[in-house]
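Content type CSV, C-alpha atoms, from the file data-v1.csv:
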```csv
chain,number,residue,atom,x,y,z
A,1,MET,CA,27.1,7.4,6.5
A,2,GLU,CA,27.6,3.8,7.4
A,3,LEU,CA,25.0,1.2,8.4
A,4,SER,CA,25.7,-2.0,10.3
A,5,LEU,CA,25.1,-5.4,8.6
A,6,GLN,CA,23.2,-7.9,10.7
A,7,PRO,CA,24.7,-11.4,10.5
A,8,VAL,CA,22.4,-14.2,9.3
A,9,PRO,CA,23.4,-17.7,10.5
A,10,GLU,CA,25.0,-19.8,7.7
A,11,THR,CA,24.5,-17.0,5.2
A,12,SER,CA,26.5,-13.8,6.0
A,13,ALA,CA,28.6,-12.2,8.6
A,14,ALA,CA,28.4,-8.8,10.4
A,15,GLY,CA,30.0,-5.7,8.9
A,16,VAL,CA,29.2,-2.2,7.7
A,17,ILE,CA,28.0,-0.7,4.5
A,18,SER,CA,28.3,2.9,3.2
A,19,VAL,CA,25.1,4.6,2.1
A,20,SER,CA,24.2,8.1,0.8
A,21,ASP,CA,23.5,10.7,3.4
A,22,LYS,CA,21.0,12.3,1.1
A,23,VAL,CA,18.8,9.2,1.2
A,24,PHE,CA,19.3,7.8,4.7
A,25,ALA,CA,20.2,10.9,6.7
A,26,ALA,CA,17.6,13.3,5.5
A,27,GLN,CA,15.6,15.6,7.8
A,28,PHE,CA,12.2,14.2,8.9
A,29,ASN,CA,9.3,16.1,7.2
A,30,GLU,CA,6.2,15.0,9.0
A,31,ALA,CA,3.8,17.0,6.8
A,32,LEU,CA,5.3,15.6,3.6
A,33,VAL,CA,5.2,12.0,4.9
A,34,HIS,CA,1.5,12.5,6.0
A,35,GLN,CA,0.6,13.9,2.6
A,36,ALA,CA,2.3,10.9,0.8
A,37,VAL,CA,0.6,8.3,3.0
A,38,VAL,CA,-2.8,10.0,2.5
A,39,ALA,CA,-2.3,10.2,-1.3
A,40,TYR,CA,-1.3,6.6,-1.5
A,41,LEU,CA,-4.3,5.4,0.5
A,42,ALA,CA,-6.6,7.6,-1.5
A,43,GLY,CA,-5.2,6.2,-4.7
A,44,ALA,CA,-6.0,2.7,-3.5
A,45,ARG,CA,-9.7,3.4,-3.2
A,46,LYS,CA,-11.7,1.9,-6.0
A,47,GLY,CA,-14.6,4.4,-6.0
A,48,THR,CA,-16.6,2.2,-8.3
A,49,ARG,CA,-20.0,2.5,-6.5
A,50,ALA,CA,-22.8,3.4,-8.9
A,51,GLN,CA,-26.6,3.7,-8.9
A,52,LYS,CA,-29.0,4.4,-11.8
A,53,THR,CA,-31.0,7.6,-12.2
A,54,ARG,CA,-34.5,7.7,-13.5
A,55,ALA,CA,-33.0,8.3,-17.0
A,56,GLN,CA,-31.0,5.0,-16.8
A,57,VAL,CA,-33.5,2.5,-15.4
A,58,LYS,CA,-35.6,0.4,-17.7
A,59,GLY,CA,-39.3,1.3,-18.1
A,60,SER,CA,-41.7,3.0,-20.4
A,61,ARG,CA,-41.4,6.7,-21.0
A,62,SER,CA,-45.2,7.1,-21.4
A,63,LYS,CA,-47.5,8.5,-18.7
A,64,PRO,CA,-49.0,5.4,-16.8
A,65,TRP,CA,-52.6,6.8,-16.8
A,66,ARG,CA,-54.3,10.0,-17.5
A,67,GLN,CA,-53.9,12.9,-15.1
A,68,LYS,CA,-57.5,13.1,-13.8
A,69,GLY,CA,-60.5,11.0,-13.3
A,70,THR,CA,-59.0,7.7,-12.3
A,71,GLY,CA,-59.1,8.2,-8.5
A,72,ARG,CA,-55.4,7.4,-8.2
A,73,ALA,CA,-52.6,9.8,-7.5
A,74,ARG,CA,-51.2,11.5,-10.5
A,75,ALA,CA,-48.1,9.9,-12.0
A,76,GLY,CA,-45.9,10.9,-14.9
A,77,SER,CA,-43.5,7.9,-15.2
A,78,ILE,CA,-43.0,4.4,-13.8
A,79,ARG,CA,-39.3,5.3,-13.5
A,80,SER,CA,-40.0,7.8,-10.8
A,81,PRO,CA,-37.9,7.5,-7.6
A,82,LEU,CA,-41.1,7.1,-5.7
A,83,TRP,CA,-41.9,3.8,-7.5
A,84,ARG,CA,-40.4,0.4,-6.9
A,85,GLY,CA,-37.8,-0.2,-9.5
A,86,GLY,CA,-37.5,3.5,-10.3
A,87,GLY,CA,-34.3,5.5,-10.4
A,88,VAL,CA,-32.4,7.0,-7.4
A,89,THR,CA,-32.9,10.7,-6.8
A,90,PHE,CA,-29.3,11.5,-6.0
A,91,ALA,CA,-27.6,8.5,-7.6
A,92,ALA,CA,-24.0,7.7,-6.6
A,93,THR,CA,-21.5,7.8,-9.5
A,94,PRO,CA,-18.0,6.3,-9.9
A,95,THR,CA,-15.5,8.7,-8.2
A,96,ASP,CA,-11.8,9.1,-8.6
A,97,HIS,CA,-10.3,9.6,-5.1
A,98,SER,CA,-6.7,9.8,-6.2
A,99,GLN,CA,-4.7,12.8,-5.1
A,100,LYS,CA,-1.9,14.4,-7.1
A,101,LEU,CA,1.6,14.1,-5.6
A,102,ASN,CA,4.5,14.8,-7.9
A,103,GLN,CA,7.5,12.5,-8.1
A,104,LYS,CA,9.8,14.9,-6.3
A,105,MET,CA,7.5,15.1,-3.2
A,106,TYR,CA,7.0,11.3,-3.3
A,107,GLN,CA,10.7,10.6,-3.3
A,108,GLY,CA,11.3,13.2,-0.6
A,109,ALA,CA,8.7,11.4,1.6
A,110,LEU,CA,10.4,8.0,1.1
A,111,ARG,CA,13.8,9.6,2.0
A,112,SER,CA,12.3,11.1,5.1
A,113,ILE,CA,10.8,7.8,6.2
A,114,LEU,CA,13.9,5.8,5.5
A,115,SER,CA,16.1,8.3,7.4
A,116,GLU,CA,13.8,8.1,10.4
A,117,LEU,CA,13.9,4.3,10.3
A,118,VAL,CA,17.7,4.5,10.5
A,119,ARG,CA,17.7,7.0,13.4
A,120,SER,CA,15.2,5.0,15.4
A,121,GLY,CA,17.0,1.7,14.8
A,122,ARG,CA,14.1,0.1,13.0
A,123,LEU,CA,16.0,-0.5,9.7
A,124,LEU,CA,18.1,-3.7,9.7
A,125,VAL,CA,20.4,-4.5,6.8
A,126,VAL,CA,21.5,-8.0,5.8
A,127,GLU,CA,23.8,-9.1,3.0
A,128,GLN,CA,21.1,-11.5,1.6
A,129,PHE,CA,17.9,-13.1,2.8
A,130,SER,CA,16.3,-16.0,1.1
A,131,LEU,CA,14.9,-19.5,1.6
A,132,ASP,CA,16.0,-22.7,-0.1
A,133,LYS,CA,12.6,-24.2,0.5
A,134,PRO,CA,9.2,-22.6,1.0
A,135,LYS,CA,9.2,-23.5,4.8
A,136,THR,CA,7.6,-21.1,7.3
A,137,ARG,CA,9.5,-22.8,10.1
A,138,THR,CA,12.8,-21.9,8.4
A,139,LEU,CA,11.8,-18.3,7.9
A,140,VAL,CA,10.8,-18.0,11.6
A,141,THR,CA,14.1,-19.4,12.7
A,142,GLN,CA,16.0,-16.9,10.6
A,143,LEU,CA,13.9,-14.0,11.9
A,144,LYS,CA,14.4,-15.1,15.5
A,145,ALA,CA,18.1,-15.2,14.9
A,146,LEU,CA,17.8,-11.5,14.1
A,147,ASN,CA,15.5,-10.9,17.2
A,148,LEU,CA,12.6,-10.4,14.8
A,149,ILE,CA,9.5,-12.4,15.8
A,150,ASN,CA,6.7,-10.5,14.1
A,151,ASN,CA,5.6,-7.2,12.6
A,152,VAL,CA,8.5,-7.0,10.1
A,153,LEU,CA,8.7,-5.9,6.5
A,154,ILE,CA,11.2,-7.8,4.4
A,155,VAL,CA,12.4,-5.7,1.4
A,156,ILE,CA,14.2,-7.6,-1.4
A,157,GLU,CA,15.4,-6.5,-4.9
A,158,THR,CA,13.7,-9.3,-6.9
A,159,GLY,CA,11.1,-11.8,-6.2
A,160,ASN,CA,11.9,-15.0,-4.3
A,161,GLU,CA,9.1,-17.5,-4.6
A,162,ASN,CA,10.2,-19.6,-1.6
A,163,LEU,CA,10.3,-16.5,0.6
A,164,TYR,CA,6.9,-15.3,-0.5
A,165,LEU,CA,5.4,-18.8,0.2
A,166,GLY,CA,7.2,-19.1,3.6
A,167,ALA,CA,5.8,-15.8,4.8
A,168,GLN,CA,2.2,-16.5,3.7
A,169,ASN,CA,1.3,-18.1,7.1
A,170,LEU,CA,2.8,-15.2,9.1
A,171,PRO,CA,0.2,-12.5,9.2
A,172,GLN,CA,2.6,-9.9,10.6
A,173,VAL,CA,5.4,-10.6,8.1
A,174,GLU,CA,5.3,-9.2,4.6
A,175,VAL,CA,7.7,-9.6,1.7
A,176,ILE,CA,7.9,-6.8,-0.8
A,177,GLU,CA,10.1,-5.9,-3.8
A,178,VAL,CA,11.8,-2.6,-4.2
A,179,LYS,CA,9.7,-1.7,-7.2
A,180,SER,CA,6.6,-2.1,-5.1
A,181,LEU,CA,7.8,-0.3,-2.0
A,182,ASP,CA,5.4,2.3,-0.7
A,183,PRO,CA,5.2,4.8,2.2
A,184,VAL,CA,2.3,3.0,3.9
A,185,SER,CA,4.3,-0.3,4.2
A,186,LEU,CA,7.4,1.4,5.5
A,187,VAL,CA,5.5,3.2,8.3
A,188,GLY,CA,3.2,0.3,9.1
A,189,PHE,CA,5.7,-2.2,10.4
A,190,GLU,CA,7.8,-2.1,13.5
A,191,LYS,CA,11.0,-3.3,11.8
A,192,VAL,CA,12.2,-3.2,8.2
A,193,LEU,CA,14.6,-5.9,7.1
A,194,ILE,CA,16.4,-5.1,3.8
A,195,THR,CA,19.1,-6.7,1.7
A,196,ILE,CA,22.1,-4.9,0.4
A,197,ALA,CA,20.9,-5.3,-3.2
A,198,ALA,CA,17.6,-3.8,-2.3
A,199,LEU,CA,19.3,-1.0,-0.3
A,200,LYS,CA,21.5,-0.1,-3.3
A,201,LYS,CA,18.5,-0.1,-5.6
A,202,ILE,CA,16.6,2.2,-3.4
A,203,GLU,CA,19.6,4.5,-3.1
A,204,GLU,CA,19.9,4.6,-6.9
A,205,ASN,CA,16.2,5.5,-7.3
A,206,LEU,CA,16.2,8.2,-4.6
A,207,ALA,CA,19.7,9.7,-4.9
```

Since I need it in another form, could you write the structure as structure tokens?
Amino acid sequence: MELSLQPVPETSAAGVISVSDKVFAAQFNEALVHQAVVAYLAGARKGTRAQKTRAQVKGSRSKPWRQKGTGRARAGSIRSPLWRGGGVTFAATPTDHSQKLNQKMYQGALRSILSELVRSGRLLVVEQFSLDKPKTRTLVTQLKALNLINNVLIVIETGNENLYLGAQNLPQVEVIEVKSLDPVSLVGFEKVLITIAALKKIEENLA
């Protein structure tokens, strides 16, 4: 299939580019996409919360006082959950929230998302997209020339420091490299702007 190239002022002209039907014309699998998004979000959870049980808190292991005859309630340890500074009864432990998703399923989900972006007209391809200086104003001008004001994901092949810095002050604009591309970013933005180099790299990875 062929995708239209969007002209960027003073950078590139309009045209078309041929891409693989396997990657950009795949059938949309909603269940697979949902599973990939959930797995990605689950893997991002730290799960590092932790509390100490009565066996882990500091304190003497001896009985505080004898069982009878003191007039006080019986006690077996100062590390009891009933005491201040004691352990927690059902202590939280570090948890791994990650979900298994094999590579074939993950790649299938990305192909499904990319194909749906093409069908819905949300994927825009440009020959190249960069900034000579880290100026947010320049980036906004280039995006407006493509009828993109906000809520856009810019996908590039390799890092461009000026582009990253220029997008820092735009909360609804994100720049991402192909190697860091994920399903959550693809479905989370209204438009996806991608360079030819990044497009070919994705095609190579998913073909």

- Message: From the options A:Val192, A:Leu148, A:Leu186, A:Leu206, which residue's atoms come nearest to Gly108 (chain A), counting only C-alpha atoms?
- Response: A:Leu206

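From CA of Val178 (chain A) back to CA of Ala207 (chain A), the distance works out to 14.6 Å.
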
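Between CA of Lys200 (chain A) and CA of Glu2 (chain A) the interatomic distance comes to 12.9 Å.
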
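Straight-line separation from CA of Val187 (chain A) to CA of Val37 (chain A): 8.8 Å.
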
- Task: Find the residues around His34 (chain A) up to 12 Å (all atoms listed in the file counted), leave out those fewer than 3 positions away in its own chain, and share them as a count of residues only.
- Result: 20

- Item | All residues 10 Å or closer to Arg74 (chain A), only C-alpha atoms, same chain fewer than 4 positions away omitted, as a list in words | Lys63, Pro64, Trp65, Arg66, Gln67, Lys68, Gly69 and Thr70 of chain A

- Message: Let me make sure I understand: among A:Arg111, A:Lys133, A:Lys179, A:Arg119, which one has the smallest atom-to-atom distance to Leu32 (chain A) if we use all atoms listed in the file?
- Response: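 Selected residue with least distance to Leu32 (chain A): A:Arg111.
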
- Message: Please list, as a ChimeraX atom specification, the residues that have an atom at most 12 Å away from (25.6, -1.6, 9.7) in the coordinates of this file, counting only C-alpha atoms.
- Response: /A:1-7,13-19,118,121,123-127,194-196,199

- Query: Given the choices A:Ile78, A:Ala145, A:Leu153, A:Leu165, which gets closest to Arg54 (chain A) if the distance is worked out from only C-alpha atoms?
  - Reply: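 Going through A:Ile78, A:Ala145, A:Leu153, A:Leu165 one by one, the smallest distance to Arg54 (chain A) is for A:Ile78.
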
- Message: Around (3.9, -13.9, 10.1), as given in the file, which residues come within 12 Å? Count all atoms listed in the file and list them as an MDAnalysis selection string.
- Response: chainID A and resid 136:137 139:141 143:144 148:154 163:175 189

- Message: From the options A:Leu114, A:Ala91, A:Ala42, A:Ala26, which residue's atoms come nearest to Gln56 (chain A), counting only C-alpha atoms?
- Response: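 Ranked by minimum distance to Gln56 (chain A), first place goes to A:Ala91.
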
- Which one of A:Ala25, A:Lys191, A:Asn162, A:Ile156 sits closest to Asp132 (chain A) if you count only C-alpha atoms?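 Using only C-alpha atoms, Asp132 (chain A) sits closest to A:Asn162.
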